[in-house]
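Content type PDB, C-alpha atoms, from the file target-v9.pdb:
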```
ATOM      1  CA  MET A   1      61.726 227.902-142.918
ATOM      2  CA  ALA A   2      64.717 228.939-140.842
ATOM      3  CA  SER A   3      66.980 231.697-142.176
ATOM      4  CA  ASN A   4      70.692 231.161-142.734
ATOM      5  CA  GLY A   5      71.371 233.462-139.779
ATOM      6  CA  SER A   6      69.138 231.432-137.461
ATOM      7  CA  VAL A   7      70.726 228.160-138.592
ATOM      8  CA  GLN A   8      74.207 229.607-138.003
ATOM      9  CA  LEU A   9      73.152 230.917-134.586
ATOM     10  CA  GLU A  10      71.830 227.489-133.585
ATOM     11  CA  ARG A  11      74.938 225.697-134.888
ATOM     12  CA  THR A  12      77.327 228.017-133.059
ATOM     13  CA  THR A  13      75.349 227.721-129.824
ATOM     14  CA  ASN A  14      75.370 223.930-130.093
ATOM     15  CA  LEU A  15      79.137 223.917-130.716
ATOM     16  CA  LEU A  16      79.691 226.087-127.641
ATOM     17  CA  ARG A  17      77.592 223.737-125.521
ATOM     18  CA  GLU A  18      79.211 220.561-126.878
ATOM     19  CA  THR A  19      82.718 221.971-126.407
ATOM     20  CA  ILE A  20      82.094 222.870-122.771
ATOM     21  CA  THR A  21      80.446 219.496-122.117
ATOM     22  CA  ILE A  22      83.314 217.378-123.465
ATOM     23  CA  MET A  23      85.973 219.541-121.776
ATOM     24  CA  SER A  24      84.110 219.194-118.486
ATOM     25  CA  LYS A  25      83.849 215.411-118.912
ATOM     26  CA  LEU A  26      87.589 215.111-119.621
ATOM     27  CA  LYS A  27      88.457 217.702-116.913
ATOM     28  CA  ILE A  28      90.372 219.877-119.354
ATOM     29  CA  PRO A  29      91.151 223.408-118.064
ATOM     30  CA  LEU A  30      89.284 226.122-119.936
ATOM     31  CA  THR A  31      92.233 228.094-121.301
ATOM     32  CA  PRO A  32      91.866 229.912-124.646
ATOM     33  CA  GLU A  33      94.236 227.427-126.316
ATOM     34  CA  ASN A  34      92.421 224.370-124.963
ATOM     35  CA  TYR A  35      89.024 225.802-125.852
ATOM     36  CA  HIS A  36      90.190 226.534-129.396
ATOM     37  CA  VAL A  37      91.412 222.953-129.837
ATOM     38  CA  TRP A  38      88.183 221.358-128.619
ATOM     39  CA  TYR A  39      85.937 223.817-130.415
ATOM     40  CA  LYS A  40      87.670 222.845-133.650
ATOM     41  CA  TYR A  41      87.355 219.169-132.716
ATOM     42  CA  ASN A  42      83.595 219.512-132.309
ATOM     43  CA  ALA A  43      83.331 221.572-135.491
ATOM     44  CA  GLY A  44      84.990 218.690-137.360
ATOM     45  CA  ASP A  45      86.769 220.821-139.968
ATOM     46  CA  ASN A  46      90.312 219.715-139.081
ATOM     47  CA  LEU A  47      90.579 216.034-139.993
ATOM     48  CA  GLU A  48      94.105 215.559-138.641
ATOM     49  CA  LEU A  49      93.155 217.105-135.290
ATOM     50  CA  ASN A  50      90.069 214.907-135.022
ATOM     51  CA  LYS A  51      91.998 211.742-135.879
ATOM     52  CA  THR A  52      94.687 212.541-133.303
ATOM     53  CA  ILE A  53      92.157 213.233-130.553
ATOM     54  CA  ASP A  54      90.068 210.185-131.450
ATOM     55  CA  ASP A  55      93.188 208.007-131.186
ATOM     56  CA  LEU A  56      94.042 209.538-127.801
ATOM     57  CA  LEU A  57      90.488 208.979-126.555
ATOM     58  CA  GLU A  58      90.519 205.384-127.766
ATOM     59  CA  ASN A  59      93.802 204.741-125.927
ATOM     60  CA  GLY A  60      92.467 206.279-122.713
ATOM     61  CA  THR A  61      95.111 209.027-122.731
ATOM     62  CA  GLU A  62      94.853 211.650-119.974
ATOM     63  CA  PHE A  63      94.688 215.147-121.424
ATOM     64  CA  THR A  64      97.414 216.712-119.298
ATOM     65  CA  SER A  65      98.703 220.247-119.768
ATOM     66  CA  LYS A  66     101.528 218.846-121.906
ATOM     67  CA  VAL A  67      99.156 216.880-124.160
ATOM     68  CA  ASN A  68      96.854 219.883-124.578
ATOM     69  CA  ARG A  69      99.748 222.197-125.417
ATOM     70  CA  GLU A  70     101.025 219.732-128.029
ATOM     71  CA  LEU A  71      97.575 219.468-129.641
ATOM     72  CA  HIS A  72      97.347 223.235-129.904
ATOM     73  CA  LYS A  73     100.902 223.639-131.160
ATOM     74  CA  THR A  74     100.672 220.879-133.775
ATOM     75  CA  HIS A  75      97.126 221.146-135.059
ATOM     76  CA  VAL A  76      95.885 224.670-134.347
ATOM     77  CA  PHE A  77      98.706 227.159-133.872
ATOM     78  CA  GLN A  78     100.473 226.005-137.049
ATOM     79  CA  ALA A  79      97.280 225.487-139.009
ATOM     80  CA  PRO A  80      96.328 227.724-141.978
ATOM     81  CA  GLU A  81      95.192 231.244-141.147
ATOM     82  CA  LYS A  82      91.657 230.440-142.253
ATOM     83  CA  LEU A  83      91.463 227.722-139.602
ATOM     84  CA  LEU A  84      92.928 229.954-136.923
ATOM     85  CA  LYS A  85      90.280 232.603-137.535
ATOM     86  CA  SER A  86      87.301 230.291-137.907
ATOM     87  CA  SER A  87      86.216 230.502-134.270
ATOM     88  CA  GLU A  88      86.412 234.270-134.423
ATOM     89  CA  GLN A  89      84.366 234.203-137.634
ATOM     90  CA  ASP A  90      81.729 232.029-135.965
ATOM     91  CA  LEU A  91      81.395 234.574-133.185
ATOM     92  CA  GLN A  92      81.229 237.402-135.716
ATOM     93  CA  LYS A  93      78.375 235.609-137.472
ATOM     94  CA  LEU A  94      76.600 235.187-134.166
ATOM     95  CA  VAL A  95      76.914 238.904-133.439
ATOM     96  CA  ALA A  96      75.857 239.772-136.992
ATOM     97  CA  THR A  97      72.721 237.655-136.668
ATOM     98  CA  LEU A  98      71.784 239.330-133.418
ATOM     99  CA  PHE A  99      72.514 242.777-134.841
ATOM    100  CA  GLU A 100      70.329 242.043-137.849
ATOM    101  CA  LYS A 101      67.414 241.146-135.593
ATOM    102  CA  ILE A 102      67.917 244.194-133.368
ATOM    103  CA  ASN A 103      68.259 246.442-136.405
ATOM    104  CA  GLY A 104      64.997 245.064-137.792
ATOM    105  CA  MET A 105      63.268 245.816-134.523
ATOM    106  CA  THR A 106      64.730 249.334-134.436
ATOM    107  CA  LYS A 107      63.534 250.101-137.945
ATOM    108  CA  LYS A 108      60.025 248.936-137.081
ATOM    109  CA  THR A 109      60.082 251.072-133.940
ATOM    110  CA  GLN A 110      61.276 254.070-135.954
ATOM    111  CA  ASN A 111      58.535 253.470-138.520
ATOM    112  CA  TYR A 112      55.978 253.327-135.723
ATOM    113  CA  SER A 113      57.238 256.640-134.359
ATOM    114  CA  SER A 114      56.972 258.197-137.820
ATOM    115  CA  THR A 115      53.444 256.831-138.171
ATOM    116  CA  LEU A 116      52.411 258.435-134.873
ATOM    117  CA  GLU A 117      53.801 261.772-136.028
ATOM    118  CA  GLU A 118      51.870 261.530-139.275
ATOM    119  CA  TYR A 119      48.657 260.652-137.433
ATOM    120  CA  ASN A 120      49.171 263.572-135.056
ATOM    121  CA  ASP A 121      49.413 265.914-138.055
ATOM    122  CA  VAL A 122      46.153 264.477-139.376
ATOM    123  CA  LEU A 123      44.406 265.007-136.048
ATOM    124  CA  GLN A 124      45.451 268.672-136.066
ATOM    125  CA  SER A 125      43.600 269.240-139.355
ATOM    126  CA  ASN A 126      40.049 268.482-138.068
ATOM    127  CA  PRO A 127      39.552 265.207-139.995
ATOM    128  CA  ASP A 128      36.113 263.811-140.907
ATOM    129  CA  ILE A 129      34.662 260.590-139.523
ATOM    130  CA  ASP A 130      35.899 258.383-142.388
ATOM    131  CA  THR A 131      39.439 259.695-142.016
ATOM    132  CA  LEU A 132      39.325 259.086-138.280
ATOM    133  CA  THR A 133      38.027 255.550-138.830
ATOM    134  CA  ASN A 134      40.833 254.750-141.288
ATOM    135  CA  LEU A 135      43.394 256.389-139.008
ATOM    136  CA  LEU A 136      42.248 254.303-136.033
ATOM    137  CA  THR A 137      42.370 251.077-138.068
ATOM    138  CA  ASN A 138      45.864 251.840-139.354
ATOM    139  CA  LEU A 139      47.037 252.888-135.920
ATOM    140  CA  ILE A 140      45.891 249.586-134.402
ATOM    141  CA  ASP A 141      47.701 247.648-137.147
ATOM    142  CA  ALA A 142      50.882 249.698-136.695
ATOM    143  CA  THR A 143      50.764 249.275-132.913
ATOM    144  CA  ASP A 144      50.240 245.527-133.197
ATOM    145  CA  SER A 145      53.174 245.274-135.615
ATOM    146  CA  ALA A 146      55.480 247.259-133.327
ATOM    147  CA  LEU A 147      54.437 245.252-130.276
ATOM    148  CA  GLU A 148      54.895 241.965-132.124
ATOM    149  CA  SER A 149      58.375 243.006-133.220
ATOM    150  CA  ASN A 150      59.403 244.034-129.720
ATOM    151  CA  GLN A 151      57.895 240.939-128.126
ATOM    152  CA  ALA A 152      59.762 238.726-130.593
ATOM    153  CA  MET A 153      62.988 240.528-129.763
ATOM    154  CA  GLU A 154      62.331 240.288-126.022
ATOM    155  CA  SER A 155      61.636 236.579-126.387
ATOM    156  CA  MET A 156      64.846 236.059-128.352
ATOM    157  CA  LEU A 157      66.905 238.084-125.872
ATOM    158  CA  ASP A 158      65.381 236.189-122.947
ATOM    159  CA  SER A 159      66.303 232.926-124.641
ATOM    160  CA  MET A 160      69.858 234.119-125.300
ATOM    161  CA  ASN A 161      70.180 235.362-121.706
ATOM    162  CA  GLU A 162      69.184 231.923-120.461
ATOM    163  CA  GLU A 163      71.748 230.349-122.810
ATOM    164  CA  VAL A 164      74.464 232.739-121.642
ATOM    165  CA  ASP A 165      73.623 232.050-117.982
ATOM    166  CA  THR A 166      73.820 228.308-118.624
ATOM    167  CA  LEU A 167      77.133 228.643-120.430
ATOM    168  CA  ARG A 168      78.519 230.878-117.689
ATOM    169  CA  SER A 169      77.467 228.383-115.027
ATOM    170  CA  ASN A 170      79.043 225.531-116.991
ATOM    171  CA  LEU A 171      82.249 227.505-117.439
ATOM    172  CA  GLN A 172      82.487 228.237-113.720
ATOM    173  CA  THR A 173      81.857 224.594-112.841
ATOM    174  CA  LEU A 174      84.383 223.472-115.428
ATOM    175  CA  ASN A 175      87.084 225.767-114.078
ATOM    176  CA  VAL A 176      86.481 224.716-110.470
ATOM    177  CA  GLU A 177      86.549 221.005-111.325
ATOM    178  CA  ALA A 178      89.530 221.248-113.644
ATOM    179  CA  PHE A 179      91.768 223.110-111.211
ATOM    180  CA  THR A 180      90.699 221.711-107.830
ATOM    181  CA  ASP A 181      91.764 218.541-106.016
ATOM    182  CA  LYS A 182      88.555 216.748-105.030
ATOM    183  CA  LEU A 183      89.789 215.300-101.741
ATOM    184  CA  THR A 184      91.489 218.343-100.194
ATOM    185  CA  ALA A 185      89.619 221.133-102.044
ATOM    186  CA  VAL A 186      92.880 222.967-102.785
ATOM    187  CA  PRO A 187      94.271 223.635-106.289
ATOM    188  CA  ASN A 188      95.569 220.538-108.076
ATOM    189  CA  ARG A 189      98.634 219.724-110.170
ATOM    190  CA  ARG A 190      97.092 221.304-113.281
ATOM    191  CA  ALA A 191      96.590 224.568-111.412
ATOM    192  CA  PHE A 192     100.190 224.413-110.201
ATOM    193  CA  ASP A 193     101.486 223.833-113.759
ATOM    194  CA  GLN A 194      99.605 226.866-115.025
ATOM    195  CA  ARG A 195     100.639 229.119-112.143
ATOM    196  CA  ILE A 196     104.344 228.245-112.290
ATOM    197  CA  ASP A 197     104.328 229.019-116.029
ATOM    198  CA  GLU A 198     102.939 232.468-115.178
ATOM    199  CA  LEU A 199     105.637 233.002-112.558
ATOM    200  CA  PHE A 200     108.358 232.033-115.035
ATOM    201  CA  ASP A 201     106.943 234.586-117.487
ATOM    202  CA  SER A 202     107.120 237.263-114.775
ATOM    203  CA  TYR A 203     110.666 236.215-113.919
ATOM    204  CA  HIS A 204     111.891 236.379-117.525
ATOM    205  CA  ASN A 205     110.001 239.580-118.408
ATOM    206  CA  GLU A 206     110.247 241.537-115.153
ATOM    207  CA  GLU A 207     112.979 239.692-113.195
ATOM    208  CA  GLN A 208     110.408 238.944-110.505
ATOM    209  CA  THR A 209     111.844 236.313-108.165
ATOM    210  CA  PHE A 210     109.785 233.540-106.614
ATOM    211  CA  SER A 211     110.289 230.540-104.345
ATOM    212  CA  LEU A 212     108.860 227.041-104.223
ATOM    213  CA  LEU A 213     108.168 224.818-101.216
ATOM    214  CA  LEU A 214     107.766 221.068-101.695
ATOM    215  CA  ILE A 215     106.010 219.559 -98.661
ATOM    216  CA  ASP A 216     105.696 215.892 -97.724
ATOM    217  CA  ILE A 217     103.777 214.379 -94.793
ATOM    218  CA  ASP A 218     106.182 212.371 -92.638
ATOM    219  CA  HIS A 219     105.596 208.595 -92.272
ATOM    220  CA  PHE A 220     102.312 208.863 -94.188
ATOM    221  CA  LYS A 221     102.462 205.290 -95.511
ATOM    222  CA  GLN A 222     102.985 203.982 -91.994
ATOM    223  CA  PHE A 223     100.086 206.137 -90.819
ATOM    224  CA  ASN A 224      97.841 204.707 -93.540
ATOM    225  CA  ASP A 225      98.859 201.133 -92.695
ATOM    226  CA  THR A 226      98.174 201.673 -88.997
ATOM    227  CA  HIS A 227      94.915 203.619 -89.083
ATOM    228  CA  GLY A 228      93.501 202.896 -92.548
ATOM    229  CA  HIS A 229      93.083 204.932 -95.731
ATOM    230  CA  ALA A 230      89.910 206.666 -94.532
ATOM    231  CA  VAL A 231      91.814 208.210 -91.625
ATOM    232  CA  GLY A 232      94.718 208.915 -93.988
ATOM    233  CA  ASP A 233      92.377 210.918 -96.195
ATOM    234  CA  LYS A 234      91.269 212.937 -93.183
ATOM    235  CA  VAL A 235      94.905 213.684 -92.372
ATOM    236  CA  LEU A 236      95.435 214.937 -95.925
ATOM    237  CA  LYS A 237      92.397 217.191 -95.559
ATOM    238  CA  TYR A 238      93.656 218.432 -92.181
ATOM    239  CA  VAL A 239      97.132 219.284 -93.463
ATOM    240  CA  ALA A 240      95.650 221.009 -96.517
ATOM    241  CA  SER A 241      93.223 223.062 -94.408
ATOM    242  CA  VAL A 242      95.967 224.209 -91.996
ATOM    243  CA  MET A 243      98.229 225.325 -94.841
ATOM    244  CA  LYS A 244      95.356 226.894 -96.762
ATOM    245  CA  GLY A 245      94.577 229.052 -93.732
ATOM    246  CA  ASP A 246      98.189 230.223 -93.553
ATOM    247  CA  ILE A 247      98.652 230.980 -97.270
ATOM    248  CA  LYS A 248      98.005 234.654 -98.004
ATOM    249  CA  GLY A 249      97.774 237.050-100.928
ATOM    250  CA  ASN A 250      99.155 235.792-104.226
ATOM    251  CA  ASP A 251     100.848 232.765-102.640
ATOM    252  CA  MET A 252      99.465 229.460-103.897
ATOM    253  CA  LEU A 253      99.036 226.058-102.261
ATOM    254  CA  ALA A 254      98.416 222.988-104.441
ATOM    255  CA  ARG A 255      98.309 219.243-103.987
ATOM    256  CA  TYR A 256     101.257 217.924-105.959
ATOM    257  CA  GLY A 257     100.372 214.244-105.682
ATOM    258  CA  GLY A 258      99.895 211.567-103.020
ATOM    259  CA  GLU A 259     100.904 213.051 -99.675
ATOM    260  CA  GLU A 260     102.923 215.865-101.302
ATOM    261  CA  PHE A 261     101.906 219.512-101.523
ATOM    262  CA  VAL A 262     103.602 222.464-103.167
ATOM    263  CA  VAL A 263     103.530 226.159-102.337
ATOM    264  CA  LEU A 264     104.467 228.910-104.796
ATOM    265  CA  LEU A 265     105.627 232.183-103.252
ATOM    266  CA  PRO A 266     105.786 235.116-105.718
ATOM    267  CA  SER A 267     108.160 237.979-104.838
ATOM    268  CA  THR A 268     109.672 235.880-102.037
ATOM    269  CA  ASN A 269     113.398 235.385-101.505
ATOM    270  CA  TYR A 270     115.237 232.562 -99.702
ATOM    271  CA  ASP A 271     114.813 233.938 -96.169
ATOM    272  CA  GLY A 272     111.129 234.643 -96.742
ATOM    273  CA  ALA A 273     110.549 231.138 -98.106
ATOM    274  CA  ILE A 274     112.296 229.537 -95.110
ATOM    275  CA  SER A 275     110.127 231.628 -92.787
ATOM    276  CA  VAL A 276     106.907 230.576 -94.520
ATOM    277  CA  GLY A 277     108.029 226.946 -94.490
ATOM    278  CA  ASN A 278     108.719 226.973 -90.764
ATOM    279  CA  SER A 279     105.396 228.682 -90.055
ATOM    280  CA  LEU A 280     103.541 225.943 -91.938
ATOM    281  CA  ARG A 281     105.588 223.175 -90.311
ATOM    282  CA  GLU A 282     105.002 224.477 -86.780
ATOM    283  CA  LYS A 283     101.262 224.949 -87.230
ATOM    284  CA  ILE A 284     100.798 221.452 -88.635
ATOM    285  CA  SER A 285     102.820 219.752 -85.894
ATOM    286  CA  GLY A 286     101.326 221.841 -83.113
ATOM    287  CA  ILE A 287      97.984 220.036 -82.984
ATOM    288  CA  LYS A 288      97.446 216.571 -81.575
ATOM    289  CA  LEU A 289      94.937 214.656 -83.671
ATOM    290  CA  VAL A 290      92.244 212.315 -82.370
ATOM    291  CA  ASP A 291      90.019 209.834 -84.150
ATOM    292  CA  SER A 292      86.754 211.595 -85.024
ATOM    293  CA  ASN A 293      84.891 208.326 -84.326
ATOM    294  CA  ASP A 294      86.597 207.813 -80.977
ATOM    295  CA  GLN A 295      87.669 211.006 -79.200
ATOM    296  CA  ASP A 296      89.708 209.012 -76.657
ATOM    297  CA  LYS A 297      91.848 207.472 -79.402
ATOM    298  CA  SER A 298      94.896 209.619 -80.124
ATOM    299  CA  LEU A 299      96.408 209.717 -83.585
ATOM    300  CA  GLY A 300      99.415 211.635 -82.356
ATOM    301  CA  HIS A 301     101.048 214.587 -84.084
ATOM    302  CA  VAL A 302     101.340 214.909 -87.846
ATOM    303  CA  THR A 303     104.567 216.461 -89.088
ATOM    304  CA  VAL A 304     105.853 217.519 -92.486
ATOM    305  CA  SER A 305     109.248 217.904 -94.100
ATOM    306  CA  ILE A 306     109.768 220.813 -96.473
ATOM    307  CA  GLY A 307     112.266 221.468 -99.255
ATOM    308  CA  VAL A 308     112.845 225.047-100.447
ATOM    309  CA  ALA A 309     114.113 226.262-103.820
ATOM    310  CA  VAL A 310     114.450 229.815-105.163
ATOM    311  CA  ILE A 311     114.325 230.577-108.894
ATOM    312  CA  THR A 312     117.619 230.971-110.760
ATOM    313  CA  SER A 313     118.370 232.004-114.312
ATOM    314  CA  HIS A 314     119.097 228.382-115.246
ATOM    315  CA  ASP A 315     115.774 226.993-113.994
ATOM    316  CA  ASP A 316     112.702 225.672-115.678
ATOM    317  CA  ALA A 317     109.623 224.180-113.975
ATOM    318  CA  ASP A 318     111.233 220.748-113.727
ATOM    319  CA  SER A 319     114.617 221.858-112.404
ATOM    320  CA  ILE A 320     113.329 224.136-109.645
ATOM    321  CA  THR A 321     110.997 221.355-108.486
ATOM    322  CA  GLU A 322     113.859 218.841-108.579
ATOM    323  CA  ARG A 323     116.004 221.114-106.427
ATOM    324  CA  ALA A 324     113.179 221.491-103.914
ATOM    325  CA  ASP A 325     112.783 217.694-103.950
ATOM    326  CA  LYS A 326     116.481 217.226-103.130
ATOM    327  CA  ALA A 327     116.151 219.659-100.229
ATOM    328  CA  LEU A 328     113.072 217.745 -99.070
ATOM    329  CA  TYR A 329     114.986 214.465 -99.194
ATOM    330  CA  LEU A 330     117.728 216.067 -97.089
ATOM    331  CA  ALA A 331     115.127 217.164 -94.520
ATOM    332  CA  LYS A 332     113.934 213.547 -94.327
ATOM    333  CA  GLU A 333     117.505 212.295 -93.871
ATOM    334  CA  LYS A 334     118.159 214.741 -91.043
ATOM    335  CA  GLY A 335     115.211 213.535 -88.985
ATOM    336  CA  ARG A 336     112.031 214.952 -90.599
ATOM    337  CA  ASN A 337     109.833 217.809 -89.368
ATOM    338  CA  LEU A 338     112.424 220.170 -90.856
ATOM    339  CA  VAL A 339     112.688 222.869 -93.495
ATOM    340  CA  MET A 340     115.787 222.613 -95.696
TER     341      MET A 340
END
```
I need this file expressed as structure tokens, please.
Amino acid sequence: MASNGSVQLERTTNLLRETITIMSKLKIPLTPENYHVWYKYNAGDNLELNKTIDDLLENGTEFTSKVNRELHKTHVFQAPEKLLKSSEQDLQKLVATLFEKINGMTKKTQNYSSTLEEYNDVLQSNPDIDTLTNLLTNLIDATDSALESNQAMESMLDSMNEEVDTLRSNLQTLNVEAFTDKLTAVPNRRAFDQRIDELFDSYHNEEQTFSLLLIDIDHFKQFNDTHGHAVGDKVLKYVASVMKGDIKGNDMLARYGGEEFVVLLPSTNYDGAISVGNSLREKISGIKLVDSNDQDKSLGHVTVSIGVAVITSHDDADSITERADKALYLAKEKGRNLVM
């Protein structure tokens, strides 16, 4: 019959696995807040949270950063303290169960050591044959008991190591999938949303400036109509790869949507942002593309227009992006292949 500790260990492990699985399926970033929400959903001890999520799932709602933040704010962050600490308590129980098993093994090992010391004392006193026979029998039993205890612990630790490795692998896969655009293999809109929030925190707490570039491929719709969507996808990959190779350090490139990309430049002022923008623009336009299926068929030059905005004290994520978008629109009006 399983002990309460073993049952709790199995339940917690299953909850961890189920939480990671459903977050991976829904492509939800593995932030502490998101994990807490979905762990509680799988645990089923917050009826309002479960009803809300079930309704969202039934309606086919996409779990965007905004939706996830609202779930955490409404159903977890403001929940009773007991609910807030339940995940921590589950982990504490898991640790306690493991400690109990290790402690049991340690005590048996200590007892075995004490037994050996006692038997050594007996051997020093010139024992008779009956004493030696009993000593040998007891020593074999004690050794078997100690070995059994250690083997059981090794087996349990091996099993837990395998579980941890599986969870770690799932977590890594989840993070890559959740924050990466599948087509271009650069960070996606979710990754951008998270990173710009971090930059705003640095700006408000440390007055650390940053700039934003909004980049749009010129005449992309016309290009798609002329050469087909398959070639259009290759152009997107090409533009992303060129920019990715030119983005250094803590700067971040992300696909913003469609044929638009965004670059975040921490600790970069207006002049620096203009310089980066022009470097990207020139490298993209400097290569003449050909059809990979027909090397004699030219696709011409791909160009981009870029809008630049630098953080101000009045900005939020929407307003700085809107200002960059207006600058981008101006670059289009003035002839494209420009940085404004």
List every protein, DNA or RNA residue that has an atom no more than 9 Å from (95.3, 223.9, -105.6) in the file's coordinate frame, counting all atoms listed in the file, and report them as a ChimeraX atom specification.
-> /A:179-181,184-192,252-256,261-262
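Applied to this file, the PyMOL selection byres ((chain A and resi 29) around 10) selects Met23, Ser24, Leu26, Lys27, Ile28, Leu30, Thr31, Pro32, Glu33, Asn34, Tyr35, Phe63, Thr64, Ser65, Asn68, Leu171, Leu174, Asn175, Val176, Glu177, Ala178, Phe179, Arg190, Ala191 and Gln194 of chain A.
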List the neighbours of region 313-322 of chain A out to 8 Å using only C-alpha atoms; skip same-chain residues closer than 2 positions along the sequence, and give me the result as a PDB file with C-alpha atoms, keeping the file's coordinate frame.
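Saved as result_18.pdb:
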```pdb
ATOM      1  CA  ILE A 196     104.344 228.245-112.290  1.00  0.00           C
ATOM      2  CA  ASP A 197     104.328 229.019-116.029  1.00  0.00           C
ATOM      3  CA  PHE A 200     108.358 232.033-115.035  1.00  0.00           C
ATOM      4  CA  LEU A 212     108.860 227.041-104.223  1.00  0.00           C
ATOM      5  CA  LEU A 214     107.766 221.068-101.695  1.00  0.00           C
ATOM      6  CA  ALA A 309     114.113 226.262-103.820  1.00  0.00           C
ATOM      7  CA  VAL A 310     114.450 229.815-105.163  1.00  0.00           C
ATOM      8  CA  ILE A 311     114.325 230.577-108.894  1.00  0.00           C
ATOM      9  CA  ALA A 324     113.179 221.491-103.914  1.00  0.00           C
ATOM     10  CA  ASP A 325     112.783 217.694-103.950  1.00  0.00           C
ATOM     11  CA  LYS A 326     116.481 217.226-103.130  1.00  0.00           C
TER      12      LYS A 326
END
```
Which residues match the PyMOL selection byres ((chain A and resi 38-40) around 9) in the file above, as a list in words?
->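 So the PyMOL selection byres ((chain A and resi 38-40) around 9) ends up selecting Leu15, Leu16, Glu18, Thr19, Ile20, Ile22, Met23, Glu33, Asn34, Tyr35, His36, Val37, Tyr41, Asn42, Ala43, Gly44, Asp45, Asn46, Leu49, Asn50, Val76, Leu83, Ser86 and Ser87 of chain A.
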For the atom pair CA of Thr303 (chain A) and CA of Ser285 (chain A), what is the interatomic distance in Å to one decimal place?
-> 4.9 Å
Mind pulling up the distance from CA of Asn278 (chain A) to CA of Lys182 (chain A)?
->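 Separation of CA of Lys182 (chain A) and CA of Asn278 (chain A): 26.7 Å.
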Compile the contact shell of Ala327 (chain A) as an MDAnalysis selection string: residues with an atom at most 8 Å away, counting only C-alpha atoms, same-chain residues fewer than 2 positions apart removed.
-> chainID A and resid 306:309 323:325 329:331 340
Take the residues from that selection and write them out as a PDB file, keeping the file's coordinate frame, keeping C-alpha atoms.
```pdb
ATOM      1  CA  ILE A 306     109.768 220.813 -96.473  1.00  0.00           C
ATOM      2  CA  GLY A 307     112.266 221.468 -99.255  1.00  0.00           C
ATOM      3  CA  VAL A 308     112.845 225.047-100.447  1.00  0.00           C
ATOM      4  CA  ALA A 309     114.113 226.262-103.820  1.00  0.00           C
ATOM      5  CA  ARG A 323     116.004 221.114-106.427  1.00  0.00           C
ATOM      6  CA  ALA A 324     113.179 221.491-103.914  1.00  0.00           C
ATOM      7  CA  ASP A 325     112.783 217.694-103.950  1.00  0.00           C
ATOM      8  CA  TYR A 329     114.986 214.465 -99.194  1.00  0.00           C
ATOM      9  CA  LEU A 330     117.728 216.067 -97.089  1.00  0.00           C
ATOM     10  CA  ALA A 331     115.127 217.164 -94.520  1.00  0.00           C
ATOM     11  CA  MET A 340     115.787 222.613 -95.696  1.00  0.00           C
TER      12      MET A 340
END
```
Figure out the distance between CA of Lys288 (chain A) and CA of Asn337 (chain A), please, to one decimal in Å.
-> 14.7 Å
May I have the residues within 9 Å of Val276 (chain A) as JSON, numbers by chain, using all atoms listed in the file and disregarding those fewer than 6 positions away in the same chain?
-> {"A": [213, 246, 247, 265]}
Residue with smallest distance to Asp251 (chain A) - pool A:Thr61, A:Asn269, A:Thr52, A:Ser211, counting all atoms listed in the file |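 For Asp251 (chain A), the nearest of the candidates is A:Ser211.
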For each of A:Lys25, A:Gly249, A:His227, A:Val242, take the minimum atom-to-atom distance to Leu57 (chain A), counting all atoms listed in the file, then give the residue where this is smallest.
-> A:Lys25
Pick the closest to His72 (chain A) from A:Asn59, A:Leu236, A:Ile53, A:Lys283: which is it, counting all atoms listed in the file?
->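 Closest residue, counting all atoms listed in the file: A:Ile53.
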Residue among A:Val339, A:Phe223, A:Asn250, A:Leu299 lying closest to Thr268 (chain A), counting all atoms listed in the file =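 Of the candidates, the smallest distance to Thr268 (chain A) is held by A:Asn250.
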So for region 53-72 of chain A, what box centre and size do we get, axis-aligned, 4 Å extra on each of the six sides, every listed atom, Å to one decimal, as AutoDock Vina command-line options?
```
--center_x 95.8 --center_y 214.0 --center_z -125.4 --size_x 19.5 --size_y 26.5 --size_z 20.2
```
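Distances to Phe220 (chain A) were evaluated for A:Val67, A:Ala240, A:Val302, A:Leu338 using only C-alpha atoms, and the minimum falls at A:Val302.
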Of the listed residues A:Gly272, A:Val290, A:Asp201, A:Gly257, that which approaches Lys234 (chain A) most closely, counting only C-alpha atoms =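 Under the stated criterion, the closest residue is A:Val290.
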Please, can region 215-219 of chain A be completed to N, CA, C and O atoms and returned as an mmCIF file, in the frame of the given file?
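Final output, out-v8.cif:
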```cif
data_model
loop_
_atom_site.group_PDB
_atom_site.id
_atom_site.type_symbol
_atom_site.label_atom_id
_atom_site.label_comp_id
_atom_site.auth_asym_id
_atom_site.auth_seq_id
_atom_site.Cartn_x
_atom_site.Cartn_y
_atom_site.Cartn_z
ATOM 1 N N ILE A 215 106.376 219.983 -100.017
ATOM 2 C CA ILE A 215 106.010 219.559 -98.661
ATOM 3 C C ILE A 215 105.522 218.117 -98.683
ATOM 4 O O ILE A 215 104.657 217.753 -99.495
ATOM 5 N N ASP A 216 106.065 217.301 -97.784
ATOM 6 C CA ASP A 216 105.696 215.892 -97.724
ATOM 7 C C ASP A 216 105.324 215.516 -96.294
ATOM 8 O O ASP A 216 106.037 215.867 -95.345
ATOM 9 N N ILE A 217 104.205 214.816 -96.126
ATOM 10 C CA ILE A 217 103.777 214.379 -94.793
ATOM 11 C C ILE A 217 104.676 213.230 -94.332
ATOM 12 O O ILE A 217 104.829 212.228 -95.040
ATOM 13 N N ASP A 218 105.250 213.375 -93.156
ATOM 14 C CA ASP A 218 106.182 212.371 -92.638
ATOM 15 C C ASP A 218 105.462 211.073 -92.276
ATOM 16 O O ASP A 218 104.371 211.097 -91.684
ATOM 17 N N HIS A 219 106.087 209.938 -92.629
ATOM 18 C CA HIS A 219 105.596 208.595 -92.272
ATOM 19 C C HIS A 219 104.141 208.380 -92.682
ATOM 20 O O HIS A 219 103.392 207.679 -91.978
#
```
